file work.pdb (PDB, C-alpha atoms and all ligand atoms)
ATOM      1  CA  MET A  27     -21.558  53.841 -50.868
ATOM      2  CA  GLY A  28     -19.455  51.387 -48.927
ATOM      3  CA  ILE A  29     -15.970  51.585 -47.474
ATOM      4  CA  LEU A  30     -14.535  55.092 -47.372
ATOM      5  CA  ARG A  31     -11.041  54.491 -45.998
ATOM      6  CA  LEU A  32      -8.989  52.948 -43.223
ATOM      7  CA  SER A  33     -10.263  53.945 -39.785
ATOM      8  CA  HIS A  34      -7.824  52.377 -37.340
ATOM      9  CA  VAL A  35      -5.380  49.537 -36.838
ATOM     10  CA  ASP A  36      -5.428  47.727 -33.482
ATOM     11  CA  VAL A  37      -2.203  45.942 -32.561
ATOM     12  CA  ARG A  38      -1.273  43.836 -29.534
ATOM     13  CA  VAL A  39       1.752  44.901 -27.537
ATOM     14  CA  PRO A  40       3.319  43.110 -24.548
ATOM     15  CA  ASP A  41       4.650  46.402 -23.126
ATOM     16  CA  LEU A  42       2.131  49.229 -23.328
ATOM     17  CA  ASP A  43       4.423  51.889 -21.842
ATOM     18  CA  LEU A  44       7.351  51.077 -24.157
ATOM     19  CA  ALA A  45       5.103  50.986 -27.222
ATOM     20  CA  THR A  46       3.415  54.260 -26.247
ATOM     21  CA  ALA A  47       6.785  55.954 -25.697
ATOM     22  CA  TYR A  48       7.941  54.872 -29.168
ATOM     23  CA  TYR A  49       4.728  55.821 -30.990
ATOM     24  CA  THR A  50       4.521  59.238 -29.316
ATOM     25  CA  GLU A  51       8.191  60.265 -29.113
ATOM     26  CA  VAL A  52       9.764  58.612 -32.190
ATOM     27  CA  MET A  53       6.760  58.273 -34.522
ATOM     28  CA  GLY A  54       5.301  61.498 -33.175
ATOM     29  CA  LEU A  55       1.670  60.421 -32.796
ATOM     30  CA  LEU A  56      -0.658  62.082 -30.301
ATOM     31  CA  GLU A  57      -2.073  60.160 -27.351
ATOM     32  CA  VAL A  58      -5.840  60.700 -27.345
ATOM     33  CA  GLU A  59      -7.082  58.402 -24.612
ATOM     34  CA  ARG A  60      -5.850  55.640 -22.323
ATOM     35  CA  THR A  61      -7.556  52.832 -20.413
ATOM     36  CA  ASP A  62      -6.046  50.118 -18.183
ATOM     37  CA  SER A  63      -5.351  47.905 -21.180
ATOM     38  CA  ALA A  64      -5.183  50.160 -24.248
ATOM     39  CA  VAL A  65      -3.781  53.420 -25.593
ATOM     40  CA  TYR A  66      -5.487  55.309 -28.434
ATOM     41  CA  LEU A  67      -3.311  57.373 -30.762
ATOM     42  CA  LYS A  68      -3.799  59.572 -33.809
ATOM     43  CA  CYS A  69      -1.746  61.546 -36.322
ATOM     44  CA  TRP A  70      -1.787  65.347 -36.341
ATOM     45  CA  ASP A  71      -3.977  65.844 -39.430
ATOM     46  CA  GLU A  72      -6.563  63.216 -38.491
ATOM     47  CA  VAL A  73      -9.798  64.503 -36.998
ATOM     48  CA  ASP A  74     -11.278  61.118 -35.975
ATOM     49  CA  HIS A  75     -10.720  59.755 -32.464
ATOM     50  CA  HIS A  76      -7.816  57.418 -33.251
ATOM     51  CA  SER A  77      -6.012  55.622 -36.067
ATOM     52  CA  LEU A  78      -3.864  53.321 -33.940
ATOM     53  CA  LYS A  79      -4.915  51.368 -30.865
ATOM     54  CA  LEU A  80      -2.255  49.638 -28.798
ATOM     55  CA  VAL A  81      -3.829  46.785 -26.851
ATOM     56  CA  TYR A  82      -1.990  45.080 -24.021
ATOM     57  CA  ALA A  83      -1.487  41.349 -24.738
ATOM     58  CA  PRO A  84       1.267  38.860 -23.856
ATOM     59  CA  ARG A  85       2.285  38.488 -27.533
ATOM     60  CA  VAL A  86       2.518  40.904 -30.438
ATOM     61  CA  GLY A  87       0.068  40.558 -33.316
ATOM     62  CA  LEU A  88      -2.843  42.106 -35.123
ATOM     63  CA  GLU A  89      -6.006  42.531 -33.067
ATOM     64  CA  ARG A  90      -8.199  44.063 -35.745
ATOM     65  CA  ILE A  91      -8.292  46.306 -38.823
ATOM     66  CA  SER A  92     -11.096  48.829 -38.909
ATOM     67  CA  PHE A  93     -12.418  50.563 -42.036
ATOM     68  CA  LYS A  94     -14.838  53.451 -42.051
ATOM     69  CA  VAL A  95     -17.965  53.290 -44.211
ATOM     70  CA  GLU A  96     -19.580  56.302 -45.821
ATOM     71  CA  HIS A  97     -23.334  56.045 -45.258
ATOM     72  CA  ASP A  98     -25.695  54.933 -42.506
ATOM     73  CA  ASP A  99     -27.077  52.113 -44.668
ATOM     74  CA  ASP A 100     -23.634  50.676 -45.444
ATOM     75  CA  LEU A 101     -23.264  48.628 -42.252
ATOM     76  CA  ALA A 102     -26.509  46.713 -42.780
ATOM     77  CA  GLU A 103     -25.854  46.307 -46.525
ATOM     78  CA  LEU A 104     -22.318  44.986 -46.003
ATOM     79  CA  GLU A 105     -23.399  42.837 -43.059
ATOM     80  CA  SER A 106     -25.895  40.979 -45.250
ATOM     81  CA  ARG A 107     -23.352  40.616 -48.086
ATOM     82  CA  ILE A 108     -20.689  39.217 -45.738
ATOM     83  CA  GLU A 109     -23.157  36.781 -44.168
ATOM     84  CA  ALA A 110     -24.413  35.702 -47.594
ATOM     85  CA  TYR A 111     -20.788  34.918 -48.495
ATOM     86  CA  GLY A 112     -20.697  32.570 -45.479
ATOM     87  CA  PHE A 113     -18.882  34.591 -42.826
ATOM     88  CA  PRO A 114     -20.655  35.281 -39.513
ATOM     89  CA  VAL A 115     -20.897  38.934 -38.458
ATOM     90  CA  ARG A 116     -20.987  40.262 -34.885
ATOM     91  CA  ARG A 117     -22.410  43.667 -33.980
ATOM     92  CA  ALA A 118     -20.472  45.822 -31.499
ATOM     93  CA  SER A 119     -22.664  48.496 -29.976
ATOM     94  CA  ARG A 120     -21.695  52.060 -29.075
ATOM     95  CA  GLY A 121     -19.747  51.975 -25.841
ATOM     96  CA  GLU A 122     -18.119  48.631 -26.546
ATOM     97  CA  GLU A 123     -15.171  50.439 -28.150
ATOM     98  CA  VAL A 124     -13.766  53.806 -27.075
ATOM     99  CA  GLY A 125     -14.367  56.703 -29.448
ATOM    100  CA  GLN A 126     -16.799  55.185 -31.894
ATOM    101  CA  GLY A 127     -20.381  54.105 -32.505
ATOM    102  CA  GLU A 128     -21.880  50.819 -33.598
ATOM    103  CA  SER A 129     -19.735  48.581 -35.777
ATOM    104  CA  ILE A 130     -19.752  45.157 -37.398
ATOM    105  CA  ARG A 131     -16.930  42.656 -36.937
ATOM    106  CA  PHE A 132     -16.049  39.494 -38.823
ATOM    107  CA  ASP A 133     -13.139  37.240 -39.729
ATOM    108  CA  THR A 134     -11.937  37.539 -43.316
ATOM    109  CA  PRO A 135     -10.863  34.594 -45.529
ATOM    110  CA  SER A 136      -7.254  35.666 -44.870
ATOM    111  CA  GLY A 137      -7.866  35.174 -41.132
ATOM    112  CA  GLN A 138      -7.702  38.757 -39.867
ATOM    113  CA  GLU A 139     -10.497  40.263 -37.802
ATOM    114  CA  MET A 140     -11.992  43.205 -39.646
ATOM    115  CA  GLU A 141     -14.359  45.874 -38.433
ATOM    116  CA  LEU A 142     -16.546  48.308 -40.338
ATOM    117  CA  VAL A 143     -17.685  51.436 -38.544
ATOM    118  CA  ARG A 144     -19.759  54.463 -39.554
ATOM    119  CA  GLU A 145     -19.649  56.855 -36.599
ATOM    120  CA  VAL A 146     -16.313  57.824 -35.111
ATOM    121  CA  ASP A 147     -15.993  60.624 -32.547
ATOM    122  CA  LYS A 148     -14.470  63.766 -34.032
ATOM    123  CA  VAL A 149     -11.736  65.059 -31.790
ATOM    124  CA  GLY A 150     -10.238  67.411 -34.395
ATOM    125  CA  GLY A 151      -6.796  67.765 -35.906
ATOM    126  CA  VAL A 152      -3.940  69.874 -34.578
ATOM    127  CA  LEU A 153      -4.329  72.674 -37.135
ATOM    128  CA  PRO A 154      -7.166  75.202 -37.065
ATOM    129  CA  ARG A 155      -9.777  74.954 -39.835
ATOM    130  CA  LEU A 156      -9.522  78.714 -40.422
ATOM    131  CA  ASN A 157      -6.416  80.062 -42.170
ATOM    132  CA  PRO A 158      -4.202  77.120 -41.139
ATOM    133  CA  PRO A 159      -0.445  76.887 -41.657
ATOM    134  CA  PRO A 160       0.643  73.876 -43.801
ATOM    135  CA  MET A 161       2.018  71.958 -40.839
ATOM    136  CA  PRO A 162       2.088  72.190 -37.057
ATOM    137  CA  MET A 163       5.287  73.410 -35.443
ATOM    138  CA  GLY A 164       7.214  71.687 -32.703
ATOM    139  CA  LEU A 165       5.797  68.156 -32.766
ATOM    140  CA  PRO A 166       8.310  65.518 -31.647
ATOM    141  CA  GLY A 167       9.554  62.688 -33.865
ATOM    142  CA  ILE A 168       8.519  61.856 -37.428
ATOM    143  CA  ALA A 169       4.980  63.242 -36.948
ATOM    144  CA  PRO A 170       3.170  61.819 -39.994
ATOM    145  CA  PRO A 171      -0.070  63.624 -40.907
ATOM    146  CA  ARG A 172      -2.069  60.390 -41.171
ATOM    147  CA  MET A 173      -2.221  56.606 -41.284
ATOM    148  CA  ASP A 174      -2.160  55.292 -44.865
ATOM    149  CA  HIS A 175      -2.544  51.535 -45.411
ATOM    150  CA  VAL A 176      -2.183  48.004 -44.079
ATOM    151  CA  LEU A 177      -0.569  44.902 -45.572
ATOM    152  CA  VAL A 178      -1.683  41.494 -44.304
ATOM    153  CA  THR A 179      -0.720  37.924 -45.152
ATOM    154  CA  ALA A 180      -2.904  35.104 -46.498
ATOM    155  CA  GLU A 181      -2.375  31.449 -47.337
ATOM    156  CA  GLU A 182      -4.643  31.802 -50.377
ATOM    157  CA  VAL A 183      -4.202  35.325 -51.717
ATOM    158  CA  GLY A 184      -6.574  34.765 -54.640
ATOM    159  CA  GLU A 185      -9.388  33.515 -52.421
ATOM    160  CA  ALA A 186      -8.982  36.420 -49.993
ATOM    161  CA  THR A 187      -8.876  38.916 -52.856
ATOM    162  CA  LYS A 188     -12.134  37.592 -54.283
ATOM    163  CA  PHE A 189     -13.808  38.356 -50.926
ATOM    164  CA  TYR A 190     -12.273  41.827 -50.578
ATOM    165  CA  ARG A 191     -13.286  42.769 -54.126
ATOM    166  CA  GLU A 192     -16.668  41.096 -54.548
ATOM    167  CA  VAL A 193     -18.043  41.516 -51.029
ATOM    168  CA  LEU A 194     -16.329  44.628 -49.678
ATOM    169  CA  GLY A 195     -15.928  46.429 -53.003
ATOM    170  CA  PHE A 196     -12.175  46.983 -53.024
ATOM    171  CA  ARG A 197     -10.682  47.878 -56.430
ATOM    172  CA  LEU A 198      -7.536  46.055 -57.573
ATOM    173  CA  THR A 199      -4.762  48.490 -58.528
ATOM    174  CA  GLU A 200      -1.883  46.006 -58.845
ATOM    175  CA  GLN A 201      -1.262  42.277 -58.629
ATOM    176  CA  LEU A 202       1.806  40.075 -58.485
ATOM    177  CA  LEU A 203       1.417  36.694 -60.201
ATOM    178  CA  ASP A 204       3.449  33.519 -59.828
ATOM    179  CA  GLY A 205       4.579  31.447 -62.821
ATOM    180  CA  ASN A 206       1.197  29.695 -62.930
ATOM    181  CA  GLY A 207      -0.736  32.965 -63.034
ATOM    182  CA  HIS A 208      -1.880  32.755 -59.391
ATOM    183  CA  GLN A 209      -1.985  35.899 -57.281
ATOM    184  CA  ILE A 210       0.780  35.989 -54.648
ATOM    185  CA  GLY A 211       0.291  39.688 -53.865
ATOM    186  CA  VAL A 212      -2.526  42.193 -54.416
ATOM    187  CA  TRP A 213      -2.888  45.933 -53.794
ATOM    188  CA  MET A 214      -6.420  47.288 -53.411
ATOM    189  CA  GLU A 215      -8.031  50.652 -52.777
ATOM    190  CA  ARG A 216     -11.221  52.439 -51.814
ATOM    191  CA  SER A 217      -9.787  55.929 -51.259
ATOM    192  CA  HIS A 218      -8.218  56.659 -54.671
ATOM    193  CA  SER A 219      -4.738  55.903 -53.391
ATOM    194  CA  PRO A 220      -2.539  53.085 -54.756
ATOM    195  CA  HIS A 221      -3.600  50.905 -51.822
ATOM    196  CA  ASP A 222      -5.606  50.977 -48.617
ATOM    197  CA  LEU A 223      -5.240  47.228 -48.116
ATOM    198  CA  ALA A 224      -2.698  44.822 -49.584
ATOM    199  CA  VAL A 225      -2.382  41.062 -49.209
ATOM    200  CA  VAL A 226       0.702  38.921 -49.792
ATOM    201  CA  SER A 227       1.390  35.192 -49.414
ATOM    202  CA  GLY A 228       1.996  34.089 -45.844
ATOM    203  CA  PRO A 229       0.131  32.600 -42.904
ATOM    204  CA  ASN A 230      -3.529  33.453 -42.375
ATOM    205  CA  GLY A 231      -4.105  36.133 -39.749
ATOM    206  CA  GLY A 232      -0.680  37.756 -40.149
ATOM    207  CA  LEU A 233       0.223  41.443 -40.225
ATOM    208  CA  HIS A 234       3.172  42.352 -42.454
ATOM    209  CA  HIS A 235       3.076  46.090 -41.682
ATOM    210  CA  PHE A 236       0.995  49.202 -41.397
ATOM    211  CA  ALA A 237       2.102  52.471 -42.951
ATOM    212  CA  PHE A 238       2.000  56.160 -42.126
ATOM    213  CA  TRP A 239       1.678  58.785 -44.849
ATOM    214  CA  LEU A 240       4.314  61.499 -45.268
ATOM    215  CA  ASP A 241       3.774  64.498 -47.526
ATOM    216  CA  ASP A 242       6.924  64.253 -49.632
ATOM    217  CA  TRP A 243      10.235  62.542 -50.261
ATOM    218  CA  ASP A 244      12.160  65.063 -48.191
ATOM    219  CA  HIS A 245      10.083  63.996 -45.185
ATOM    220  CA  VAL A 246      11.048  60.359 -45.844
ATOM    221  CA  ARG A 247      14.712  61.343 -45.659
ATOM    222  CA  ARG A 248      14.049  63.264 -42.431
ATOM    223  CA  ALA A 249      12.229  60.181 -41.062
ATOM    224  CA  ALA A 250      15.339  58.071 -41.758
ATOM    225  CA  ASP A 251      17.446  60.587 -39.818
ATOM    226  CA  ILE A 252      15.064  60.369 -36.845
ATOM    227  CA  LEU A 253      14.905  56.558 -36.927
ATOM    228  CA  ALA A 254      18.685  56.208 -37.072
ATOM    229  CA  TYR A 255      19.176  58.815 -34.329
ATOM    230  CA  ASN A 256      16.806  56.883 -32.073
ATOM    231  CA  GLY A 257      18.433  53.518 -32.784
ATOM    232  CA  VAL A 258      15.339  52.105 -34.486
ATOM    233  CA  GLN A 259      16.016  48.991 -36.567
ATOM    234  CA  ILE A 260      15.527  49.871 -40.248
ATOM    235  CA  ASP A 261      14.374  46.913 -42.349
ATOM    236  CA  VAL A 262      14.647  48.417 -45.856
ATOM    237  CA  GLY A 263      15.097  51.880 -47.322
ATOM    238  CA  PRO A 264      14.782  54.732 -47.885
ATOM    239  CA  THR A 265      13.911  53.438 -51.347
ATOM    240  CA  ARG A 266      11.111  53.228 -53.894
ATOM    241  CA  HIS A 267       8.495  50.604 -54.697
ATOM    242  CA  GLY A 268       7.854  49.478 -58.282
ATOM    243  CA  ILE A 269       4.329  48.570 -57.151
ATOM    244  CA  THR A 270       2.479  51.775 -56.099
ATOM    245  CA  ARG A 271       5.580  53.842 -57.170
ATOM    246  CA  GLY A 272       5.738  55.048 -53.572
ATOM    247  CA  ASN A 273       8.808  56.131 -51.621
ATOM    248  CA  THR A 274       9.300  54.149 -48.459
ATOM    249  CA  ILE A 275      11.200  53.088 -45.372
ATOM    250  CA  TYR A 276      10.372  49.889 -43.441
ATOM    251  CA  PHE A 277      11.387  49.606 -39.810
ATOM    252  CA  PHE A 278      10.363  47.867 -36.599
ATOM    253  CA  ASP A 279       8.750  49.238 -33.463
ATOM    254  CA  PRO A 280      10.454  48.130 -30.205
ATOM    255  CA  LEU A 281       8.071  45.173 -29.837
ATOM    256  CA  GLY A 282       8.791  43.853 -33.353
ATOM    257  CA  THR A 283       5.812  45.081 -35.382
ATOM    258  CA  ARG A 284       6.882  46.376 -38.785
ATOM    259  CA  ASN A 285       6.030  50.008 -39.569
ATOM    260  CA  GLU A 286       6.407  51.914 -42.831
ATOM    261  CA  VAL A 287       6.497  55.551 -43.836
ATOM    262  CA  PHE A 288       5.183  56.068 -47.341
ATOM    263  CA  THR A 289       4.739  58.911 -49.805
ATOM    264  CA  GLY A 290       4.197  59.458 -53.524
ATOM    265  CA  GLY A 291       2.530  56.942 -55.770
ATOM    266  CA  TYR A 292      -0.273  57.681 -58.199
ATOM    267  CA  ARG A 293      -3.910  58.603 -57.744
ATOM    268  CA  PRO A 294      -6.110  55.917 -59.308
ATOM    269  CA  ASP A 295      -9.619  56.673 -60.527
ATOM    270  CA  PRO A 296     -12.234  53.947 -59.992
ATOM    271  CA  ASP A 297     -11.699  52.792 -63.604
ATOM    272  CA  PHE A 298      -7.903  52.471 -63.172
ATOM    273  CA  PRO A 299      -6.731  49.447 -65.195
ATOM    274  CA  THR A 300      -4.961  46.907 -62.971
ATOM    275  CA  ILE A 301      -1.157  46.740 -63.287
ATOM    276  CA  THR A 302       0.314  43.218 -63.318
ATOM    277  CA  TRP A 303       3.795  42.160 -62.181
ATOM    278  CA  THR A 304       5.270  38.722 -62.705
ATOM    279  CA  GLU A 305       7.223  36.814 -60.063
ATOM    280  CA  ASP A 306      10.451  36.949 -62.091
ATOM    281  CA  ASN A 307      10.314  40.753 -61.518
ATOM    282  CA  ILE A 308       9.439  40.519 -57.807
ATOM    283  CA  GLY A 309      12.605  42.326 -56.693
ATOM    284  CA  LYS A 310      11.888  45.453 -58.750
ATOM    285  CA  ALA A 311       8.162  45.178 -57.999
ATOM    286  CA  ILE A 312       8.762  45.555 -54.269
ATOM    287  CA  PHE A 313      12.054  47.514 -54.135
ATOM    288  CA  TYR A 314      12.678  49.125 -57.487
ATOM    289  CA  TYR A 315      16.181  50.460 -56.805
ATOM    290  CA  GLU A 316      17.571  47.324 -55.139
ATOM    291  CA  GLY A 317      15.779  44.897 -57.444
ATOM    292  CA  ASP A 318      16.001  42.397 -54.622
ATOM    293  CA  LEU A 319      14.148  41.318 -51.467
ATOM    294  CA  ASN A 320      15.900  40.543 -48.220
ATOM    295  CA  GLU A 321      15.008  37.362 -46.353
ATOM    296  CA  ARG A 322      13.731  39.291 -43.335
ATOM    297  CA  PHE A 323      11.260  41.273 -45.438
ATOM    298  CA  MET A 324       9.804  38.051 -46.843
ATOM    299  CA  LYS A 325       9.705  36.022 -43.634
ATOM    300  CA  VAL A 326       9.107  38.385 -40.708
ATOM    301  CA  HIS A 327       5.519  39.335 -39.839
ATOM    302  CA  THR A 328       3.465  39.506 -36.656
TER
HETATM  303 FE    FE A 401       3.165  49.384 -47.398
END
call {"tool": "encode", "arguments": {"input": "work.pdb", "output": "C-alpha cells"}}
result
Amino acid sequence: MGILRLSHVDVRVPDLDLATAYYTEVMGLLEVERTDSAVYLKCWDEVDHHSLKLVYAPRVGLERISFKVEHDDDLAELESRIEAYGFPVRRASRGEEVGQGESIRFDTPSGQEMELVREVDKVGGVLPRLNPPPMPMGLPGIAPPRMDHVLVTAEEVGEATKFYREVLGFRLTEQLLDGNGHQIGVWMERSHSPHDLAVVSGPNGGLHHFAFWLDDWDHVRRAADILAYNGVQIDVGPTRHGITRGNTIYFFDPLGTRNEVFTGGYRPDPDFPTITWTEDNIGKAIFYYEGDLNERFMKVHT
C-alpha cells in the first residue's frame, strides 16, 4: 500500500523550445505530447505517459513532484493522513492534467508542491514486450532508460523528514547529521532503491536536482562524452557517492536546472538499517573520490 515510486517531475522553463531540444537531443528523452505551454517527455523504458513535464514560466524552478501510488484506496487514505497532519489537500480530476487520472496535491513542510496519482495512461516503452533486445538501437543522446530520483532543499530537514516518513511512509536509508545530531541531509525510498526522494539543507521549495538512471558505469562514462561533446556544463563527476554508493555525473540543462545521471548503489529491503554520516565526513559522503564539495554544488539550486 502507499507510494510505489516517482511518477514525474514538473519543472518550469523560460524557453520551452530550447529545453525541449536539450532534453530530446542531448538527454535523449522521447517527446510524448505537447500543448501551448508544456511538453511531456519520457525515457525509453518507461511505459507511463511521461516522467518529465517542462512547463513554460518566466523563471526556472520546480512546479511539482508527482509520485505514483499502488492501490485505488491509497489516494483517500493518504489524503486523510496529510490533512490530519495539518496540510490542506486539493483534488485534481481526470482531464486537469494530460496523461493521468485523478490526483491529490499538497504543499509539503519543505515547501515543494507534491502530487500523488494512481492512474497514469500507459503509452508503452520503446522495446517490444515479446522477445525484446536489451536496449533500443539508434536513439540520440544519453538515452537513459528511466527517471530515478529527486533531491529537494528544506530549511528544516528534520521536520520535513518526519512528514515524509510518518505521513507518506518513506523509509530512511541514509542520513547526514551535523555536530549537534540534527539532520542536514536525508535519503529516503519507497522503491527498494537507495533513494527516491532526498532532502538537504537549503531554502524551502528548492530543487537541487533530478536524476536519470543509467544501467551501468560504462554508460556514465559514455554520458560524460556526450555532455562534453555538446558543450553541456558539467558540475561534478564522473565520480562516486559515499551515500547511496552510486556512480554519478551532475550537470546543468541550458536553463540552469541541475540534472544527474546515476547508476549502481545497493538494493535496500524494507528493514534496511539506516546508515549515518557525520558532517566532518561530508566530502566523502557526497563525493567519495574527491572527499570535497565545490561551492557551486552547495549553493546552486532552482
Ligand atoms: Fe541524486
call {"tool": "closest_atom_pairs", "arguments": {"input": "work.pdb", "of": "chain A", "to": "ligand FE 401 (chain A)", "cutoff": "8 Å", "atoms": "all atoms listed in the file", "output": "CSV"}}
result
residue,atom,partner,partner_atom,distance
A:His175,CA,A:FE401,FE,6.4
A:Val176,CA,A:FE401,FE,6.4
A:Leu177,CA,A:FE401,FE,6.1
A:Ala224,CA,A:FE401,FE,7.7
A:His235,CA,A:FE401,FE,6.6
A:Phe236,CA,A:FE401,FE,6.4
A:Ala237,CA,A:FE401,FE,5.5
A:Thr274,CA,A:FE401,FE,7.8
A:Glu286,CA,A:FE401,FE,6.1
A:Val287,CA,A:FE401,FE,7.9
A:Phe288,CA,A:FE401,FE,7.0
call {"tool": "atom_distance", "arguments": {"input": "work.pdb", "atom1": "atom CA of Tyr48 of chain A", "atom2": "atom CA of Val65 of chain A"}}
result
12.3 Å
call {"tool": "closest_residue", "arguments": {"input": "work.pdb", "among": "A:Pro159, A:Leu153, A:Val143, A:Val193", "to": "Phe113 of chain A", "atoms": "all atoms listed in the file"}}
result
A:Val193
call {"tool": "resolve_selection", "arguments": {"input": "work.pdb", "expression": "the PyMOL selection byres (((chain A and resi 307) around 10) and not hetatm)", "output": "MDAnalysis selection string"}}
result
chainID A and resid 202:203 268 303:306 308:312 314 317:318
call {"tool": "atom_distance", "arguments": {"input": "work.pdb", "atom1": "atom CA of Phe278 of chain A", "atom2": "atom CA of Gln259 of chain A"}}
result
5.8 Å
call {"tool": "closest_residue", "arguments": {"input": "work.pdb", "among": "A:Pro40, A:Gly164, A:Gly195, A:Pro170", "to": "Phe238 of chain A", "atoms": "only C-alpha atoms"}}
result
A:Pro170
call {"tool": "residues_around", "arguments": {"input": "work.pdb", "residues": "Arg247 of chain A", "least_positions_apart": "5", "cutoff": "12 Å", "atoms": "only C-alpha atoms", "output": "PyMOL selection string"}}
result
chain A and resi 168+240-242+252-254+263-265+273-275+287-289
call {"tool": "resolve_selection", "arguments": {"input": "work.pdb", "expression": "the PyMOL selection byres (((chain A and resi 166) around 6) and not hetatm)", "output": "list in words"}}
result
Glu51, Gly54, Leu165 and Gly167 of chain A
call {"tool": "resolve_selection", "arguments": {"input": "work.pdb", "expression": "the PyMOL selection byres (((chain A and resi 161) around 9) and not hetatm)", "output": "MDAnalysis selection string"}}
result
chainID A and resid 70:71 152:153 158:160 162:163 171
call {"tool": "build_atoms", "arguments": {"input": "work.pdb", "residues": "segment 283-304 of chain A", "atoms": "N, CA and C atoms", "output": "compact mmCIF listing (two decimals), in the frame of the given file"}}
result
# COMPACT_ATOMS: atom_id res chain seq x y z
N THR A 283 6.79 44.88 -34.31
CA THR A 283 5.81 45.08 -35.38
C THR A 283 6.43 46.00 -36.44
N ARG A 284 6.29 45.58 -37.71
CA ARG A 284 6.88 46.38 -38.78
C ARG A 284 6.02 47.60 -39.08
N ASN A 285 6.67 48.74 -39.16
CA ASN A 285 6.03 50.01 -39.57
C ASN A 285 6.60 50.41 -40.92
N GLU A 286 5.90 51.32 -41.59
CA GLU A 286 6.41 51.91 -42.83
C GLU A 286 6.06 53.39 -42.82
N VAL A 287 6.92 54.22 -43.42
CA VAL A 287 6.50 55.55 -43.84
C VAL A 287 6.48 55.54 -45.35
N PHE A 288 5.49 56.20 -45.92
CA PHE A 288 5.18 56.07 -47.34
C PHE A 288 4.77 57.42 -47.90
N THR A 289 5.25 57.73 -49.11
CA THR A 289 4.74 58.91 -49.80
C THR A 289 4.77 58.67 -51.30
N GLY A 290 4.18 59.57 -52.06
CA GLY A 290 4.20 59.46 -53.52
C GLY A 290 3.18 58.46 -54.02
N GLY A 291 3.50 57.83 -55.15
CA GLY A 291 2.53 56.94 -55.77
C GLY A 291 1.60 57.74 -56.67
N TYR A 292 0.67 57.04 -57.26
CA TYR A 292 -0.27 57.68 -58.20
C TYR A 292 -1.64 57.83 -57.54
N ARG A 293 -2.57 58.39 -58.29
CA ARG A 293 -3.91 58.60 -57.74
C ARG A 293 -4.91 57.92 -58.67
N PRO A 294 -5.26 56.66 -58.38
CA PRO A 294 -6.11 55.92 -59.31
C PRO A 294 -7.58 56.34 -59.26
N ASP A 295 -8.17 56.50 -60.43
CA ASP A 295 -9.62 56.67 -60.53
C ASP A 295 -10.26 55.30 -60.37
N PRO A 296 -11.58 55.25 -60.14
CA PRO A 296 -12.23 53.95 -59.99
C PRO A 296 -12.13 53.05 -61.23
N ASP A 297 -11.85 53.62 -62.40
CA ASP A 297 -11.70 52.79 -63.60
C ASP A 297 -10.22 52.54 -63.96
N PHE A 298 -9.35 52.70 -62.99
CA PHE A 298 -7.90 52.47 -63.17
C PHE A 298 -7.66 51.03 -63.62
N PRO A 299 -6.99 50.82 -64.75
CA PRO A 299 -6.73 49.45 -65.19
C PRO A 299 -5.63 48.80 -64.33
N THR A 300 -5.90 47.61 -63.86
CA THR A 300 -4.96 46.91 -62.97
C THR A 300 -3.58 46.72 -63.63
N ILE A 301 -2.54 46.99 -62.85
CA ILE A 301 -1.16 46.74 -63.29
C ILE A 301 -0.75 45.34 -62.79
N THR A 302 -0.12 44.57 -63.68
CA THR A 302 0.31 43.22 -63.32
C THR A 302 1.83 43.11 -63.32
N TRP A 303 2.36 42.48 -62.29
CA TRP A 303 3.80 42.16 -62.18
C TRP A 303 3.94 40.64 -62.15
N THR A 304 5.03 40.16 -62.72
CA THR A 304 5.27 38.72 -62.70
C THR A 304 6.38 38.40 -61.69
